[in-house]
Amino acid sequence: MEARWKRMTSLFLVLVMVFTMIPIVLIFYSSLTDQSGNFSLEAFSKAFGYFDVFLRSLWIAFISTLICLVLAYPLGYFMSRQKRSVQNTLTMVIMIPMWMNFLLRIYAWVTLLQSGGPIDTMLSLLGIHTTLIGNQGAVILGMVYEYLPFMVLPLYTVMAKIDNNLIEAAEDLGSNRMTIMRKVVFPLSIPGIISGITMVFVPSASTFLVAQYLGGVDDIMIGDVIDRIFWSDRNTGSAIALILMAAIFIFLIILNFFGDEEAIA
């Protein structure tokens, strides 16, 4: 039985490696060749021409992740302190929008934010006239809406495992609510924070369509660039994807380093 389990595990690992590594190898090969298949670094030269788009994408992803963390942390803590039935209900409410198609959710925000839409009409009645769509703020709003559940759920899962006895002990020792959050809850919730940041930042930095529908001409993100040029210039598209992959990988290394530091502390 044990030998059979090892064979199944080995087969699974081989399949994961094949389906993970083959696309990466193909992208790496395409980025280092020209359209004739000859070795060339021209694709990387063209890719770095989109350096400003890289920076904008990482900046939008950073701001979106930060907002998600600020919103999700108290929500995750509130959920974790409720009865099990309430926790299950709140989890379901958070997950329901994720059952809807990604593009349809973006269309919904386009309808809400467009000129003459429900939100614009309400603000006009209050004497507030502003452009709600076609700017970076709308892109960040769309990103936060799309990825907030990916921040809430890891935080809630980790916080739900915090022993109430620890909180009660801190209260008995005279700690106020703020001190308990800072000295007890926050250190124990760091794994959830790291997991949530990873699950939000990585797709936010590489996503496309959100900026196309909610942003303006100057708000295009690197995922949109890859989507637009890949089929006409696969080599440059591959080089851009490889650079983005490397940037995200470096970010994850730094994030895990800080996580290890906190664990040691």
# chains A, B, ... in the order shown; residues from 1 in each chain; ligands from 1
$ residues_around --residues "region 114-125 of chain A" --least-positions-apart "5" --cutoff "12 Å" --atoms "only C-alpha atoms" --output "JSON, numbers by chain"
{"A": [106, 107, 108, 109, 130, 131, 132, 133, 134, 135, 138, 213, 214, 215]}
$ select_by_dssp --residues "region 7-125 of chain A" --states "alpha helix (DSSP H)" --output "NGL selection string"
:A and (7-31 or 42-47 or 51-80 or 84-95 or 102-113 or 118-125)
$ closest_atom_pairs --of "region 164-257 of chain A" --to "region 72-81 of chain A" --cutoff "9 Å" --atoms "only C-alpha atoms" --output "JSON lines"
{"residue": "A:Asn164", "atom": "CA", "partner": "A:Arg81", "partner_atom": "CA", "distance": 8.9}
{"residue": "A:Val185", "atom": "CA", "partner": "A:Tyr77", "partner_atom": "CA", "distance": 8.8}
{"residue": "A:Ile193", "atom": "CA", "partner": "A:Tyr73", "partner_atom": "CA", "distance": 8.3}
$ write_last_selection --atoms "N, CA and C atoms" --output "PDB file, in the first residue's frame"
ATOM      1  N   ASN A 164      -9.199  31.455  22.114  1.00  0.00           N
ATOM      2  CA  ASN A 164      -9.842  32.513  22.899  1.00  0.00           C
ATOM      3  C   ASN A 164      -9.230  32.655  24.279  1.00  0.00           C
ATOM      4  N   VAL A 185      -3.226  39.223  18.734  1.00  0.00           N
ATOM      5  CA  VAL A 185      -3.889  38.858  17.484  1.00  0.00           C
ATOM      6  C   VAL A 185      -2.982  39.081  16.282  1.00  0.00           C
ATOM      7  N   ILE A 193      -1.815  37.122   6.864  1.00  0.00           N
ATOM      8  CA  ILE A 193      -1.490  38.368   6.171  1.00  0.00           C
ATOM      9  C   ILE A 193      -0.607  38.081   4.959  1.00  0.00           C
TER      10      ILE A 193
END
$ atom_distance --atom1 "CA of Ile197 (chain A)" --atom2 "CA of Arg56 (chain A)"
18.1 Å
$ residues_around --residues "Met98 (chain A)" --least-positions-apart "6" --cutoff "10 Å" --atoms "only C-alpha atoms" --output "ChimeraX atom specification"
/A:105,146-147,149-150
$ closest_residue --among "A:Gly174, A:Gly137, A:Gly37, A:Gly49" --to "Ile222 (chain A)" --atoms "only C-alpha atoms"
A:Gly49
$ atom_distance --atom1 "CA of Leu113 (chain A)" --atom2 "CA of Met100 (chain A)"
19.1 Å
$ closest_residue --among "A:Val139, A:Ile63, A:Met151, A:Leu71" --to "Met95 (chain A)" --atoms "only C-alpha atoms"
A:Met151
$ atom_distance --atom1 "CA of Arg4 (chain A)" --atom2 "CA of Val16 (chain A)"
18.4 Å
$ closest_residue --among "A:Leu148, A:Val225, A:Thr9, A:Leu209" --to "Val110 (chain A)" --atoms "only C-alpha atoms"
A:Leu209
